[in-house]
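Reproduced below: protein-v1.cif, with mmCIF, C-alpha atoms (C1' of nucleotides).
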data_my_file
loop_
_atom_site.group_PDB
_atom_site.id
_atom_site.type_symbol
_atom_site.label_atom_id
_atom_site.label_comp_id
_atom_site.auth_asym_id
_atom_site.auth_seq_id
_atom_site.Cartn_x
_atom_site.Cartn_y
_atom_site.Cartn_z
ATOM 1 C CA MET A 29 21.720 2.865 53.114
ATOM 2 C CA ARG A 30 23.720 2.605 49.949
ATOM 3 C CA LYS A 31 25.454 -0.492 51.257
ATOM 4 C CA GLU A 32 22.170 -2.082 52.282
ATOM 5 C CA LYS A 33 20.843 -1.456 48.798
ATOM 6 C CA ASN A 34 23.900 -3.038 47.200
ATOM 7 C CA ASN A 35 23.629 -5.919 49.605
ATOM 8 C CA LYS A 36 20.139 -6.762 48.416
ATOM 9 C CA ALA A 37 21.064 -6.103 44.808
ATOM 10 C CA LEU A 38 24.013 -8.499 44.935
ATOM 11 C CA LYS A 39 21.933 -11.283 46.383
ATOM 12 C CA ALA A 40 19.257 -10.651 43.760
ATOM 13 C CA ILE A 41 21.889 -10.787 41.013
ATOM 14 C CA TYR A 42 23.147 -14.073 42.395
ATOM 15 C CA ARG A 43 19.675 -15.577 42.598
ATOM 16 C CA SER A 44 18.879 -14.367 39.109
ATOM 17 C CA LEU A 45 22.039 -15.802 37.577
ATOM 18 C CA TYR A 46 21.608 -19.075 39.444
ATOM 19 C CA GLY A 47 17.994 -19.279 38.310
ATOM 20 C CA HIS A 48 18.976 -18.634 34.710
ATOM 21 C CA TYR A 49 22.125 -20.724 34.319
ATOM 22 C CA GLY A 50 21.669 -23.224 37.152
ATOM 23 C CA PRO A 51 24.548 -24.711 39.156
ATOM 24 C CA ARG A 52 27.845 -24.622 37.252
ATOM 25 C CA HIS A 53 29.484 -27.561 39.059
ATOM 26 C CA TRP A 54 32.860 -25.883 39.290
ATOM 27 C CA TRP A 55 35.795 -26.401 39.284
ATOM 28 C CA PRO A 56 36.096 -28.824 36.355
ATOM 29 C CA GLY A 57 38.770 -31.210 37.642
ATOM 30 C CA ASP A 58 38.936 -34.668 39.218
ATOM 31 C CA THR A 59 41.503 -34.000 41.956
ATOM 32 C CA LYS A 60 42.749 -31.127 44.071
ATOM 33 C CA LEU A 61 46.048 -31.200 42.194
ATOM 34 C CA GLU A 62 44.247 -30.990 38.865
ATOM 35 C CA ILE A 63 42.323 -27.961 40.103
ATOM 36 C CA ILE A 64 45.517 -26.251 41.252
ATOM 37 C CA VAL A 65 47.353 -26.984 38.009
ATOM 38 C CA GLY A 66 44.292 -25.823 36.078
ATOM 39 C CA ALA A 67 44.236 -22.578 38.057
ATOM 40 C CA ILE A 68 47.778 -21.807 36.910
ATOM 41 C CA LEU A 69 47.197 -22.967 33.341
ATOM 42 C CA THR A 70 44.086 -20.834 32.891
ATOM 43 C CA GLN A 71 45.878 -17.562 33.639
ATOM 44 C CA ASN A 72 44.801 -15.244 30.820
ATOM 45 C CA THR A 73 43.872 -18.286 28.743
ATOM 46 C CA ALA A 74 40.686 -19.816 27.347
ATOM 47 C CA TRP A 75 39.601 -22.927 29.247
ATOM 48 C CA THR A 76 39.355 -24.979 26.058
ATOM 49 C CA ASN A 77 43.123 -24.614 25.697
ATOM 50 C CA VAL A 78 43.661 -25.608 29.320
ATOM 51 C CA GLU A 79 41.642 -28.778 28.736
ATOM 52 C CA LYS A 80 44.020 -29.823 25.975
ATOM 53 C CA ALA A 81 47.005 -29.327 28.253
ATOM 54 C CA VAL A 82 45.395 -31.245 31.139
ATOM 55 C CA LYS A 83 44.498 -34.034 28.739
ATOM 56 C CA ASN A 84 48.169 -34.324 27.772
ATOM 57 C CA LEU A 85 49.200 -34.519 31.441
ATOM 58 C CA LYS A 86 46.662 -37.267 32.086
ATOM 59 C CA LYS A 87 47.654 -39.178 28.988
ATOM 60 C CA GLU A 88 51.279 -39.145 30.158
ATOM 61 C CA LYS A 89 50.081 -40.143 33.644
ATOM 62 C CA VAL A 90 52.039 -37.351 35.289
ATOM 63 C CA LEU A 91 49.183 -35.590 37.070
ATOM 64 C CA THR A 92 50.392 -36.551 40.543
ATOM 65 C CA VAL A 93 52.531 -34.537 42.940
ATOM 66 C CA LYS A 94 55.386 -37.033 42.714
ATOM 67 C CA LYS A 95 55.402 -37.327 38.940
ATOM 68 C CA LEU A 96 54.991 -33.634 38.293
ATOM 69 C CA SER A 97 57.800 -32.957 40.739
ATOM 70 C CA SER A 98 60.160 -35.391 39.080
ATOM 71 C CA ILE A 99 59.672 -34.687 35.363
ATOM 72 C CA SER A 100 61.816 -31.961 33.849
ATOM 73 C CA GLU A 101 60.512 -28.457 33.417
ATOM 74 C CA LYS A 102 61.200 -28.810 29.720
ATOM 75 C CA LYS A 103 59.033 -31.927 29.427
ATOM 76 C CA LEU A 104 56.302 -30.246 31.450
ATOM 77 C CA SER A 105 56.324 -27.206 29.198
ATOM 78 C CA ARG A 106 56.045 -29.441 26.137
ATOM 79 C CA LEU A 107 52.980 -31.201 27.577
ATOM 80 C CA ILE A 108 51.182 -28.003 28.495
ATOM 81 C CA ARG A 109 51.978 -26.248 25.231
ATOM 82 C CA PRO A 110 48.330 -25.860 24.084
ATOM 83 C CA ALA A 111 47.597 -23.691 27.136
ATOM 84 C CA GLY A 112 49.934 -20.977 25.898
ATOM 85 C CA TYR A 113 52.708 -19.233 27.880
ATOM 86 C CA TYR A 114 53.963 -22.768 28.327
ATOM 87 C CA ASN A 115 57.505 -21.948 29.455
ATOM 88 C CA ILE A 116 56.431 -19.539 32.149
ATOM 89 C CA LYS A 117 53.535 -21.746 33.278
ATOM 90 C CA ALA A 118 55.788 -24.790 33.551
ATOM 91 C CA ARG A 119 58.054 -22.750 35.820
ATOM 92 C CA ARG A 120 55.047 -21.606 37.869
ATOM 93 C CA ILE A 121 53.751 -25.151 38.347
ATOM 94 C CA LYS A 122 57.249 -26.211 39.394
ATOM 95 C CA ASN A 123 57.429 -23.277 41.818
ATOM 96 C CA PHE A 124 54.181 -24.400 43.435
ATOM 97 C CA LEU A 125 55.383 -28.007 43.703
ATOM 98 C CA ARG A 126 58.627 -26.923 45.359
ATOM 99 C CA PHE A 127 56.587 -24.929 47.850
ATOM 100 C CA LEU A 128 54.253 -27.880 48.480
ATOM 101 C CA ASN A 129 57.133 -30.331 48.914
ATOM 102 C CA ASN A 130 59.252 -28.060 51.093
ATOM 103 C CA PHE A 131 56.524 -26.854 53.445
ATOM 104 C CA TYR A 132 53.961 -29.652 53.447
ATOM 105 C CA GLY A 133 55.837 -32.775 52.417
ATOM 106 C CA GLY A 134 53.999 -32.811 49.092
ATOM 107 C CA ASN A 135 50.653 -33.329 50.849
ATOM 108 C CA ILE A 136 47.883 -31.079 49.534
ATOM 109 C CA ARG A 137 45.387 -31.982 52.264
ATOM 110 C CA ARG A 138 47.985 -31.094 54.868
ATOM 111 C CA MET A 139 48.539 -27.776 53.134
ATOM 112 C CA PHE A 140 44.847 -26.935 53.399
ATOM 113 C CA ARG A 141 44.909 -27.505 57.162
ATOM 114 C CA THR A 142 46.796 -24.230 57.452
ATOM 115 C CA ARG A 143 44.708 -21.205 58.428
ATOM 116 C CA THR A 144 43.240 -19.750 55.239
ATOM 117 C CA ASP A 145 44.656 -16.235 55.614
ATOM 118 C CA SER A 146 48.137 -17.606 56.381
ATOM 119 C CA LEU A 147 48.004 -20.054 53.477
ATOM 120 C CA ARG A 148 46.867 -17.286 51.158
ATOM 121 C CA ASN A 149 49.963 -15.276 52.052
ATOM 122 C CA GLU A 150 52.163 -18.320 51.557
ATOM 123 C CA LEU A 151 50.660 -18.969 48.125
ATOM 124 C CA LEU A 152 51.071 -15.326 47.132
ATOM 125 C CA ALA A 153 54.759 -15.623 47.999
ATOM 126 C CA VAL A 154 55.156 -18.334 45.336
ATOM 127 C CA ASN A 155 56.392 -16.720 42.145
ATOM 128 C CA GLY A 156 53.661 -17.045 39.525
ATOM 129 C CA ILE A 157 50.733 -17.257 41.954
ATOM 130 C CA GLY A 158 48.872 -13.967 42.182
ATOM 131 C CA PRO A 159 45.644 -13.104 44.015
ATOM 132 C CA GLU A 160 43.214 -14.712 41.585
ATOM 133 C CA THR A 161 45.162 -17.950 41.297
ATOM 134 C CA ALA A 162 45.652 -18.133 45.079
ATOM 135 C CA ASP A 163 41.972 -17.508 45.746
ATOM 136 C CA SER A 164 40.885 -20.019 43.090
ATOM 137 C CA ILE A 165 43.095 -22.623 44.751
ATOM 138 C CA LEU A 166 41.683 -21.818 48.200
ATOM 139 C CA LEU A 167 38.052 -21.809 47.074
ATOM 140 C CA TYR A 168 37.928 -24.574 44.506
ATOM 141 C CA ALA A 169 40.611 -26.988 45.717
ATOM 142 C CA GLY A 170 40.505 -26.107 49.423
ATOM 143 C CA GLU A 171 36.772 -25.395 49.657
ATOM 144 C CA LYS A 172 37.521 -22.295 51.742
ATOM 145 C CA PRO A 173 35.092 -19.350 51.762
ATOM 146 C CA VAL A 174 37.210 -17.034 49.607
ATOM 147 C CA PHE A 175 35.652 -14.805 46.958
ATOM 148 C CA VAL A 176 37.462 -15.034 43.613
ATOM 149 C CA VAL A 177 37.704 -11.887 41.521
ATOM 150 C CA ASP A 178 38.518 -12.052 37.843
ATOM 151 C CA ALA A 179 38.485 -9.850 34.759
ATOM 152 C CA TYR A 180 34.784 -10.512 34.164
ATOM 153 C CA THR A 181 33.888 -9.594 37.732
ATOM 154 C CA LYS A 182 35.580 -6.241 37.366
ATOM 155 C CA ARG A 183 34.251 -5.597 33.890
ATOM 156 C CA ILE A 184 30.625 -6.463 34.632
ATOM 157 C CA PHE A 185 30.310 -4.832 38.030
ATOM 158 C CA SER A 186 32.179 -1.670 37.089
ATOM 159 C CA ARG A 187 30.084 -1.224 33.940
ATOM 160 C CA HIS A 188 26.968 -1.568 36.044
ATOM 161 C CA GLY A 189 28.221 1.067 38.433
ATOM 162 C CA TYR A 190 28.822 -1.052 41.528
ATOM 163 C CA ILE A 191 32.578 -0.584 41.665
ATOM 164 C CA LYS A 192 35.093 1.821 40.202
ATOM 165 C CA GLU A 193 36.664 0.831 36.910
ATOM 166 C CA SER A 194 40.033 1.543 38.519
ATOM 167 C CA ALA A 195 39.365 -0.669 41.564
ATOM 168 C CA ASN A 196 42.173 -3.112 42.291
ATOM 169 C CA TYR A 197 41.773 -6.787 43.179
ATOM 170 C CA ASP A 198 41.518 -6.312 46.936
ATOM 171 C CA GLU A 199 38.993 -3.515 46.611
ATOM 172 C CA VAL A 200 36.696 -5.563 44.400
ATOM 173 C CA GLN A 201 37.001 -8.570 46.684
ATOM 174 C CA GLU A 202 36.167 -6.439 49.715
ATOM 175 C CA PHE A 203 33.067 -5.101 47.957
ATOM 176 C CA PHE A 204 31.660 -8.611 47.717
ATOM 177 C CA LEU A 205 32.878 -9.841 51.097
ATOM 178 C CA LYS A 206 31.225 -6.942 52.895
ATOM 179 C CA ARG A 207 27.886 -7.642 51.287
ATOM 180 C CA LEU A 208 27.625 -11.423 51.138
ATOM 181 C CA PRO A 209 27.516 -14.160 53.772
ATOM 182 C CA LEU A 210 30.781 -16.092 54.117
ATOM 183 C CA ASN A 211 29.726 -19.212 52.274
ATOM 184 C CA ALA A 212 32.133 -21.289 50.187
ATOM 185 C CA GLY A 213 29.377 -23.021 48.226
ATOM 186 C CA MET A 214 27.767 -19.730 47.250
ATOM 187 C CA PHE A 215 31.134 -18.100 46.421
ATOM 188 C CA ASN A 216 31.888 -21.094 44.239
ATOM 189 C CA GLU A 217 28.678 -20.701 42.245
ATOM 190 C CA PHE A 218 28.768 -16.900 42.144
ATOM 191 C CA HIS A 219 32.196 -16.724 40.550
ATOM 192 C CA ALA A 220 31.360 -19.471 38.088
ATOM 193 C CA LEU A 221 28.101 -17.722 37.170
ATOM 194 C CA ILE A 222 29.878 -14.410 36.648
ATOM 195 C CA VAL A 223 32.292 -16.107 34.264
ATOM 196 C CA GLU A 224 29.363 -17.712 32.439
ATOM 197 C CA LEU A 225 27.655 -14.347 32.075
ATOM 198 C CA GLY A 226 30.889 -12.684 31.016
ATOM 199 C CA LYS A 227 31.632 -15.251 28.350
ATOM 200 C CA LYS A 228 28.132 -14.996 26.932
ATOM 201 C CA LEU A 229 27.313 -11.318 27.183
ATOM 202 C CA CYS A 230 30.259 -9.221 28.217
ATOM 203 C CA ARG A 231 33.065 -10.591 26.168
ATOM 204 C CA ARG A 232 34.368 -7.482 24.511
ATOM 205 C CA LYS A 233 36.951 -5.391 26.270
ATOM 206 C CA LYS A 234 36.324 -2.489 23.920
ATOM 207 C CA PRO A 235 34.188 -0.869 22.838
ATOM 208 C CA LEU A 236 31.516 -1.459 25.447
ATOM 209 C CA CYS A 237 28.919 -4.013 24.450
ATOM 210 C CA ASN A 238 25.345 -2.916 23.781
ATOM 211 C CA ILE A 239 23.815 -4.224 26.971
ATOM 212 C CA CYS A 240 26.284 -2.594 29.341
ATOM 213 C CA PRO A 241 24.368 0.311 30.869
ATOM 214 C CA ILE A 242 27.414 2.214 31.846
ATOM 215 C CA ARG A 243 28.121 5.666 30.762
ATOM 216 C CA ARG A 244 31.167 6.022 28.636
ATOM 217 C CA LYS A 245 33.930 8.269 29.800
ATOM 218 C CA LYS A 246 33.531 11.864 28.752
ATOM 219 C CA LYS A 247 36.263 13.064 26.453
ATOM 220 C "C1'" DG M 18 43.889 -10.041 10.332
ATOM 221 C "C1'" DA M 19 42.009 -8.312 14.801
ATOM 222 C "C1'" DC M 20 40.542 -9.446 19.105
ATOM 223 C "C1'" DC M 21 40.085 -12.126 23.136
ATOM 224 C "C1'" DA M 22 40.968 -15.702 26.865
ATOM 225 C "C1'" DG M 23 38.804 -17.779 34.281
ATOM 226 C "C1'" DG M 24 46.988 -13.346 35.124
ATOM 227 C "C1'" DC M 25 51.394 -12.403 36.721
ATOM 228 C "C1'" DA M 26 56.023 -10.514 37.197
ATOM 229 C "C1'" DC M 27 59.139 -7.242 36.092
ATOM 230 C "C1'" DA M 28 61.104 -2.864 34.144
ATOM 231 C "C1'" DT M 29 60.689 1.869 33.902
ATOM 232 C "C1'" DC M 30 59.286 6.387 34.905
ATOM 233 C "C1'" DG X 30 52.295 4.044 42.701
ATOM 234 C "C1'" DA X 31 50.992 3.938 38.042
ATOM 235 C "C1'" DT X 32 51.803 2.366 33.521
ATOM 236 C "C1'" DG X 33 53.765 -0.584 29.907
ATOM 237 C "C1'" DT X 34 55.429 -4.993 28.270
ATOM 238 C "C1'" DG X 35 56.535 -9.997 27.630
ATOM 239 C "C1'" DC X 36 54.696 -14.353 27.907
ATOM 240 C "C1'" DA X 37 51.857 -17.794 23.353
ATOM 241 C "C1'" DT X 38 48.344 -21.030 21.846
ATOM 242 C "C1'" DG X 39 43.862 -21.449 19.795
ATOM 243 C "C1'" DG X 40 38.980 -19.948 18.926
ATOM 244 C "C1'" DT X 41 35.722 -16.460 16.851
#
Rewritten as structure tokens:
Amino acid sequence: MRKEKNNKALKAIYRSLYGHYGPRHWWPGDTKLEIIVGAILTQNTAWTNVEKAVKNLKKEKVLTVKKLSSISEKKLSRLIRPAGYYNIKARRIKNFLRFLNNFYGGNIRRMFRTRTDSLRNELLAVNGIGPETADSILLYAGEKPVFVVDAYTKRIFSRHGYIKESANYDEVQEFFLKRLPLNAGMFNEFHALIVELGKKLCRRKKPLCNICPIRRKKK
DNA sequence: GACCAGGCACATC
DNA sequence: GATGTGCATGGT
């Protein structure tokens, strides 16, 4: 009963957000590689900063698997500097490229021919790719029906009482997967709409914003 | 100046 | 297994 109620509520939330904001046309990026690189660059970082970094990569004409693989990590980190955490992100992009070259001959389309659950595990084994980055890659670059969970998803849906505040990534993802049809196009929009809502109305980590209905913790 | 951003790995207890 | 910390630029 409870689940059925949540099921309807989730779909209503999706329809409402879609009706209000319209299609988000995600992921912003011209190629699959750009989407993957963007997914790493945006880790805990504002997208406007990622755009600056991607612009640098395009300007240097290095946004190809071959070029990115051949330039030095130091040069890469210099180009992506505006995205923050540039040393660690350069290493993470290089880690992904080594994985792609070693296992799939540097061919992204070939990589996405692997079964989604297997590929997800392979991506998670790459140092620097965690669950959100892996799922973003699968959904937005691979067009696989994978639900992406992010900080906004947890914040919004826990404050509205749908999930526990302490829920981990897999638990939140399961909440949505159990209640929504497996549809890559809808997952794409839903995540993008949640981010849109979060950026506009649920930006503060603390204290709770005025519109969040959730009860504060009792002291 | 404080806070936040489309996380993740690693150390420590 | 939970909790804390480093990574860093740029916008509000």
Discussion item. Would you mind listing, as a list in words, all residues of chain A that have at least one atom within 8 Å of chain M, where only C-alpha atoms (C1' of nucleotides) are what counts?
Written reply: Thr70, Gln71, Asn72, Thr73, Ala74, Trp75, Asn155, Gly156, Ile157, Gly158, Glu160, Thr161, Asp178, Ala179, Val223, Arg231 and Arg232 of chain A
Write out as a tab-separated table the residues of chain X that have any atom within 12 Å of an atom of chain A, one row each with the nearest atom pair and its distance in Å to one decimal, counting all atoms listed in the file, sorted by chain and then rising number.
residue	atom	partner	partner_atom	distance
X:DA31	C1'	A:Ser194	CA	11.2
X:DG35	C1'	A:Tyr113	CA	10.0
X:DC36	C1'	A:Tyr113	CA	5.3
X:DA37	C1'	A:Gly112	CA	4.5
X:DT38	C1'	A:Gly112	CA	4.4
X:DG39	C1'	A:Asn77	CA	6.7
X:DG40	C1'	A:Ala74	CA	8.6
X:DT41	C1'	A:Arg231	CA	11.3
Nearby residues (only C-alpha atoms (C1' of nucleotides)) at most 12 Å from A:Phe203, same-chain spacing under 3 positions excluded, as a short mmCIF file (atom, residue, chain, number, x, y, z; two decimals) with C-alpha atoms, in the coordinates of the input:
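File written: out_32.cif
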data_model
loop_
_atom_site.label_atom_id
_atom_site.label_comp_id
_atom_site.auth_asym_id
_atom_site.auth_seq_id
_atom_site.Cartn_x
_atom_site.Cartn_y
_atom_site.Cartn_z
CA LYS A 31 25.45 -0.49 51.26
CA ASN A 34 23.90 -3.04 47.20
CA ASN A 35 23.63 -5.92 49.60
CA LEU A 38 24.01 -8.50 44.94
CA PHE A 175 35.65 -14.80 46.96
CA VAL A 176 37.46 -15.03 43.61
CA VAL A 177 37.70 -11.89 41.52
CA THR A 181 33.89 -9.59 37.73
CA LYS A 182 35.58 -6.24 37.37
CA PHE A 185 30.31 -4.83 38.03
CA SER A 186 32.18 -1.67 37.09
CA TYR A 190 28.82 -1.05 41.53
CA ILE A 191 32.58 -0.58 41.66
CA LYS A 192 35.09 1.82 40.20
CA ALA A 195 39.36 -0.67 41.56
CA ASN A 196 42.17 -3.11 42.29
CA TYR A 197 41.77 -6.79 43.18
CA ASP A 198 41.52 -6.31 46.94
CA GLU A 199 38.99 -3.52 46.61
CA VAL A 200 36.70 -5.56 44.40
CA LYS A 206 31.22 -6.94 52.90
CA ARG A 207 27.89 -7.64 51.29
CA LEU A 208 27.62 -11.42 51.14
#
Fill in: Point-to-point distance in Å for atom CA of A:Lys95 and atom CA of A:Arg126
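About the pair atom CA of A:Arg126 and atom CA of A:Lys95: they are 12.6 Å apart.
The spacing separating atom CA of A:His53 from atom CA of A:Ala220 amounts to 8.4 Å.
Atom CA of A:Ile64 to atom CA of A:Ala169 spans 6.7 Å [interatomic distance, one decimal].
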Item to complete: Using the chain letters and numbering of this document, enumerate as JSON, numbers by chain the residues selected by the PyMOL selection byres ((chain A and resi 94) around 12).
Response: {"A": [61, 89, 90, 91, 92, 93, 95, 96, 97, 98, 99, 122, 125, 126, 128, 129, 133, 134, 135, 136]}
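Checking A:Asp163, A:Asp58, A:Glu79, A:Glu101 one by one against A:Asn216, counting all atoms listed in the file, you find the shortest gap at A:Asp163.
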Practice prompt. For the structure shown, which residues end up in the PyMOL selection byres ((chain A and resi 222) around 9)? Put them as a PyMOL selection string, please?
Written response: chain A and resi 42+45+180-181+184+217-221+223-227
Discussion item. Could you list, as JSON, numbers by chain, every residue matched by the PyMOL selection byres ((chain A and resi 140) around 10) in this structure?
Written reply: {"A": [132, 135, 136, 137, 138, 139, 141, 142, 143, 144, 147, 165, 166, 169, 170, 171, 172]}
Would you fill the gaps in stretch 42-59 of chain A so it has N, CA and C atoms, then print it as a PDB file, in the coordinates of the input?
ATOM      1  N   TYR A  42      22.745 -12.668  42.238  1.00  0.00           N
ATOM      2  CA  TYR A  42      23.147 -14.073  42.395  1.00  0.00           C
ATOM      3  C   TYR A  42      21.970 -15.017  42.137  1.00  0.00           C
ATOM      4  N   ARG A  43      20.850 -14.710  42.767  1.00  0.00           N
ATOM      5  CA  ARG A  43      19.675 -15.577  42.598  1.00  0.00           C
ATOM      6  C   ARG A  43      19.228 -15.629  41.137  1.00  0.00           C
ATOM      7  N   SER A  44      19.303 -14.459  40.505  1.00  0.00           N
ATOM      8  CA  SER A  44      18.879 -14.367  39.109  1.00  0.00           C
ATOM      9  C   SER A  44      19.785 -15.191  38.188  1.00  0.00           C
ATOM     10  N   LEU A  45      21.086 -15.046  38.397  1.00  0.00           N
ATOM     11  CA  LEU A  45      22.039 -15.802  37.577  1.00  0.00           C
ATOM     12  C   LEU A  45      21.888 -17.302  37.820  1.00  0.00           C
ATOM     13  N   TYR A  46      21.741 -17.655  39.092  1.00  0.00           N
ATOM     14  CA  TYR A  46      21.608 -19.075  39.444  1.00  0.00           C
ATOM     15  C   TYR A  46      20.327 -19.646  38.827  1.00  0.00           C
ATOM     16  N   GLY A  47      19.261 -18.835  38.882  1.00  0.00           N
ATOM     17  CA  GLY A  47      17.994 -19.279  38.310  1.00  0.00           C
ATOM     18  C   GLY A  47      18.099 -19.464  36.801  1.00  0.00           C
ATOM     19  N   HIS A  48      18.881 -18.583  36.173  1.00  0.00           N
ATOM     20  CA  HIS A  48      18.976 -18.634  34.710  1.00  0.00           C
ATOM     21  C   HIS A  48      19.920 -19.737  34.221  1.00  0.00           C
ATOM     22  N   TYR A  49      21.117 -19.777  34.810  1.00  0.00           N
ATOM     23  CA  TYR A  49      22.125 -20.724  34.319  1.00  0.00           C
ATOM     24  C   TYR A  49      22.133 -22.049  35.093  1.00  0.00           C
ATOM     25  N   GLY A  50      21.624 -22.014  36.329  1.00  0.00           N
ATOM     26  CA  GLY A  50      21.669 -23.224  37.152  1.00  0.00           C
ATOM     27  C   GLY A  50      23.066 -23.427  37.714  1.00  0.00           C
ATOM     28  N   PRO A  51      23.237 -24.476  38.548  1.00  0.00           N
ATOM     29  CA  PRO A  51      24.548 -24.711  39.156  1.00  0.00           C
ATOM     30  C   PRO A  51      25.596 -25.010  38.093  1.00  0.00           C
ATOM     31  N   ARG A  52      26.784 -24.480  38.265  1.00  0.00           N
ATOM     32  CA  ARG A  52      27.845 -24.622  37.252  1.00  0.00           C
ATOM     33  C   ARG A  52      28.751 -25.828  37.501  1.00  0.00           C
ATOM     34  N   HIS A  53      28.660 -26.403  38.703  1.00  0.00           N
ATOM     35  CA  HIS A  53      29.484 -27.561  39.059  1.00  0.00           C
ATOM     36  C   HIS A  53      30.969 -27.307  38.867  1.00  0.00           C
ATOM     37  N   TRP A  54      31.422 -26.186  39.365  1.00  0.00           N
ATOM     38  CA  TRP A  54      32.860 -25.883  39.290  1.00  0.00           C
ATOM     39  C   TRP A  54      33.591 -26.435  40.481  1.00  0.00           C
ATOM     40  N   TRP A  55      34.891 -26.624  40.405  1.00  0.00           N
ATOM     41  CA  TRP A  55      35.795 -26.401  39.284  1.00  0.00           C
ATOM     42  C   TRP A  55      35.852 -27.664  38.457  1.00  0.00           C
ATOM     43  N   PRO A  56      35.921 -27.597  37.125  1.00  0.00           N
ATOM     44  CA  PRO A  56      36.096 -28.824  36.355  1.00  0.00           C
ATOM     45  C   PRO A  56      37.464 -29.426  36.650  1.00  0.00           C
ATOM     46  N   GLY A  57      37.495 -30.580  37.298  1.00  0.00           N
ATOM     47  CA  GLY A  57      38.770 -31.210  37.642  1.00  0.00           C
ATOM     48  C   GLY A  57      38.508 -32.350  38.605  1.00  0.00           C
ATOM     49  N   ASP A  58      39.215 -33.471  38.421  1.00  0.00           N
ATOM     50  CA  ASP A  58      38.936 -34.668  39.218  1.00  0.00           C
ATOM     51  C   ASP A  58      39.605 -34.643  40.592  1.00  0.00           C
ATOM     52  N   THR A  59      40.751 -33.991  40.687  1.00  0.00           N
ATOM     53  CA  THR A  59      41.503 -34.000  41.956  1.00  0.00           C
ATOM     54  C   THR A  59      41.898 -32.577  42.343  1.00  0.00           C
TER      55      THR A  59
END
